[in-house]
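Participant: Contents of coords.txt (compact mmCIF, C-alpha atoms):
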```
# COMPACT_ATOMS: atom_id res chain seq x y z
CA ILE A 28 102.81 90.01 92.95
CA SER A 29 99.13 89.17 92.50
CA GLY A 30 99.07 87.52 95.94
CA THR A 31 100.44 90.65 97.58
CA SER A 32 97.96 92.75 95.59
CA LEU A 33 95.10 90.68 97.01
CA TRP A 34 96.59 90.99 100.47
CA GLY A 35 96.82 94.75 99.96
CA GLU A 36 93.17 94.87 98.93
CA TYR A 37 92.25 92.88 102.03
CA THR A 38 94.23 95.32 104.19
CA CYS A 39 92.48 98.32 102.61
CA ALA A 40 89.09 96.68 103.21
CA GLU A 41 90.05 95.91 106.82
CA PHE A 42 91.04 99.54 107.38
CA ARG A 43 87.67 100.70 105.98
CA ARG A 44 85.81 98.14 108.13
CA ARG A 45 87.54 99.33 111.27
CA ALA A 46 86.91 102.99 110.38
CA ALA A 47 83.19 102.24 110.02
CA LEU A 48 83.23 100.46 113.40
CA TYR A 49 84.93 103.44 115.06
CA ASP A 50 82.50 105.91 113.48
CA ASP A 51 79.47 103.89 114.62
CA THR A 52 80.63 103.42 118.20
CA THR A 53 79.01 105.45 120.97
CA PHE A 54 79.66 105.23 124.69
CA GLU A 55 77.18 105.48 127.56
CA THR A 56 79.74 106.18 130.29
CA ARG A 57 83.41 107.07 130.60
CA GLU A 58 84.11 103.64 132.03
CA GLU A 59 82.51 101.96 129.02
CA LYS A 60 84.56 104.15 126.68
CA GLU A 61 87.81 103.24 128.45
CA GLU A 62 86.89 99.54 128.42
CA ILE A 63 86.06 99.50 124.70
CA ILE A 64 89.25 101.35 123.73
CA LYS A 65 91.24 98.95 125.94
CA LYS A 66 89.62 95.98 124.14
CA TRP A 67 90.48 97.51 120.75
CA LYS A 68 94.12 97.78 121.83
CA GLU A 69 94.22 94.23 123.19
CA ALA A 70 92.75 92.91 119.93
CA GLY A 71 95.31 94.84 117.88
CA MET A 72 92.59 97.10 116.46
CA ASP A 73 94.19 100.36 117.53
CA LEU A 74 96.50 102.46 115.37
CA SER A 75 99.62 100.47 116.25
CA GLY A 76 97.85 97.26 115.17
CA ALA A 77 96.92 98.90 111.87
CA HIS A 78 100.53 100.01 111.38
CA GLU A 79 101.68 96.45 112.00
CA LEU A 80 99.23 95.12 109.41
CA TRP A 81 100.42 97.70 106.88
CA ASN A 82 104.12 97.02 107.59
CA THR A 83 103.59 93.26 107.20
CA TRP A 84 102.05 93.82 103.77
CA GLU A 85 104.83 96.19 102.74
CA THR A 86 107.55 93.74 103.77
CA ALA A 87 105.89 90.88 101.87
CA ALA A 88 105.37 93.06 98.78
CA LYS A 89 109.01 94.14 98.77
CA ARG A 90 110.17 90.52 99.13
CA ALA A 91 107.96 89.45 96.23
CA GLY A 92 109.35 92.29 94.14
CA ILE A 93 112.96 91.45 94.98
CA LEU A 94 112.47 87.79 94.11
CA GLN A 95 111.02 88.74 90.73
CA PHE A 96 113.70 91.37 90.16
CA PHE A 97 116.36 88.85 89.17
CA GLY A 98 116.14 87.75 85.55
CA THR A 99 113.79 90.51 84.39
CA SER A 100 114.31 93.39 82.01
CA SER A 101 114.23 97.01 83.14
CA ARG A 102 110.81 97.46 81.48
CA SER A 103 109.39 94.57 83.52
CA ILE A 104 110.81 96.09 86.70
CA SER A 105 108.97 99.36 86.11
CA ASN A 106 105.78 97.38 85.41
CA MET A 107 106.21 95.60 88.78
CA MET A 108 106.83 98.83 90.68
CA TYR A 109 103.66 100.51 89.44
CA PRO A 110 101.23 98.13 91.24
CA PHE A 111 103.34 98.41 94.40
CA HIS A 112 103.20 102.21 94.26
CA VAL A 113 99.44 102.25 93.56
CA MET A 114 98.72 99.85 96.42
CA SER A 115 100.98 101.80 98.78
CA THR A 116 99.06 104.96 97.92
CA ARG A 117 95.72 103.22 98.47
CA LEU A 118 96.89 101.82 101.80
CA TYR A 119 98.04 105.25 102.91
CA GLY A 120 94.65 106.77 102.01
CA ASN A 121 92.70 104.05 103.79
CA TYR A 122 94.97 104.22 106.83
CA ASP A 123 94.50 107.98 106.97
CA PHE A 124 90.72 107.46 106.91
CA LEU A 125 91.04 104.85 109.67
CA GLU A 126 93.23 107.10 111.80
CA HIS A 127 90.78 110.00 111.62
CA ALA A 128 87.88 107.69 112.55
CA TYR A 129 89.88 106.29 115.49
CA ARG A 130 90.74 109.78 116.72
CA ARG A 131 87.07 110.82 116.47
CA ALA A 132 86.00 107.76 118.48
CA GLU A 133 88.75 108.34 121.03
CA GLY A 134 87.61 111.95 121.50
CA ARG A 135 83.88 111.25 121.48
CA LEU A 136 82.05 112.23 124.65
CA PRO A 137 80.02 109.55 126.44
CA ARG A 138 76.26 110.10 126.58
CA GLU A 139 76.42 110.79 130.31
CA ASP A 140 78.64 113.80 129.60
CA LEU A 141 76.46 114.96 126.71
CA LYS A 142 73.45 115.16 129.04
CA LYS A 143 75.24 117.96 130.89
CA PHE A 144 74.89 120.15 127.81
CA GLU A 145 71.10 120.27 127.63
CA ILE A 146 69.52 123.19 125.86
CA GLY A 147 68.68 126.06 128.20
CA PRO A 148 65.65 128.31 127.96
CA SER A 149 63.41 127.85 124.95
CA ILE A 150 63.45 130.39 122.14
CA LYS A 151 60.11 131.62 120.85
CA LYS A 152 59.28 133.90 117.91
CA LEU A 153 57.55 137.17 118.64
CA ASP A 154 54.16 137.63 117.06
CA GLY A 155 54.45 139.65 113.87
CA ASP A 156 58.27 139.64 113.73
CA GLU A 157 59.80 137.21 111.33
CA GLY A 158 63.45 137.61 112.26
CA ASP A 159 63.49 138.58 115.92
CA VAL A 160 63.34 136.06 118.73
CA THR A 161 62.79 136.31 122.44
CA ILE A 162 64.01 134.06 125.19
CA ASP A 163 61.41 132.57 127.48
CA GLU A 164 63.19 132.38 130.84
CA GLU A 165 60.61 130.01 132.28
CA GLY A 166 61.44 127.18 129.92
```
Can I see the file as C-alpha cells?

Facilitator:
Amino acid sequence: ISGTSLWGEYTCAEFRRRAALYDDTTFETREEKEEIIKKWKEAGMDLSGAHELWNTWETAAKRAGILQFFGTSSRSISNMMYPFHVMSTRLYGNYDFLEHAYRRAEGRLPREDLKKFEIGPSIKKLDGDEGDVTIDEEG
C-alpha cells in the first residue's frame, strides 16, 4: 500500500501543479487561447486526462488492497482501508481545485478582448466635498 500512497501523493502534487499553471496562464488573442487549450487536451492535461490519472491510481490502490485482503484479520483490513479513504479524499480535494482552475482559465478573456473594456471618463473629486464626485466628460 505504501507504493500506492506515494503514487497518490504524486497525483495530488500533479493536480496542484496543473492548477497553478492554469491560474498563471493568460492569453493575448482568442487564437492563442484556443491553441493553448488544444495543446493541453493533446497532452492529456485537460480534465479528462486528470480523471484518467485519478482512475489509474484508484484501480491500482484497489488491487493492492485486494491482494493484501487475503490472510489478514478484520482489524488489519480496517487499517488498510483508512489510508485509501484518506488518499481518496485528498485526491478529490486536489482534483476539485484543479477543475476550478481549469474552468477559470477556459473562461478567461484574452487581453485583446479586455482592451475593449477601457475605463471611460475620468472621475474627479470636487473641491471641498469629501464624498461627492463629478465626471469629467472630456477625459

Participant: Which residues are close to Leu33 of chain A, i.e. within 12 Å by all atoms listed in the file, leaving aside same-chain residues fewer than 5 positions away? Reply as an mmCIF file with C-alpha atoms, in the frame of the given file.

Facilitator:
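The file below, part25.cif, is the result:
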```cif
data_model
loop_
_atom_site.group_PDB
_atom_site.id
_atom_site.type_symbol
_atom_site.label_atom_id
_atom_site.label_comp_id
_atom_site.auth_asym_id
_atom_site.auth_seq_id
_atom_site.Cartn_x
_atom_site.Cartn_y
_atom_site.Cartn_z
ATOM 1 C CA ILE A 28 102.810 90.010 92.950
ATOM 2 C CA THR A 38 94.230 95.320 104.190
ATOM 3 C CA CYS A 39 92.480 98.320 102.610
ATOM 4 C CA ALA A 40 89.090 96.680 103.210
ATOM 5 C CA TRP A 84 102.050 93.820 103.770
ATOM 6 C CA ALA A 87 105.890 90.880 101.870
ATOM 7 C CA ALA A 88 105.370 93.060 98.780
ATOM 8 C CA PRO A 110 101.230 98.130 91.240
ATOM 9 C CA PHE A 111 103.340 98.410 94.400
ATOM 10 C CA MET A 114 98.720 99.850 96.420
#
```

Participant: Could you name the residues that touch Glu58 of chain A at 12 Å or less, counting all atoms listed in the file, but leaving out those on the same chain fewer than 4 positions away, as a VMD selection string?

Facilitator: chain A and resid 54 62 to 65 136 to 140

Participant: Can you tell me how far atom CA of Gly134 of chain A sits from atom CA of Gly120 of chain A, in Å to one decimal?

Facilitator: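 One can read the atom CA of Gly134 of chain A to atom CA of Gly120 of chain A distance as 21.4 Å.
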
Participant: Between A:Lys143, A:Asp73, A:Leu125, A:Arg117, which residue has the minimum interatomic distance to Glu36 of chain A, considering only C-alpha atoms?

Facilitator: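 Once distances to Glu36 of chain A are computed over only C-alpha atoms, the minimum belongs to A:Arg117.
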
Participant: What's the separation between atom CA of Glu126 of chain A and atom CA of Gly30 of chain A, in Å to one decimal place?

Facilitator: 25.9 Å

Participant: From (94.4, 96.6, 112.5), in the file's coordinates, out to 12 Å: which residues are reached, counting all atoms listed in the file? Answer as a count of residues only.

Facilitator: 35
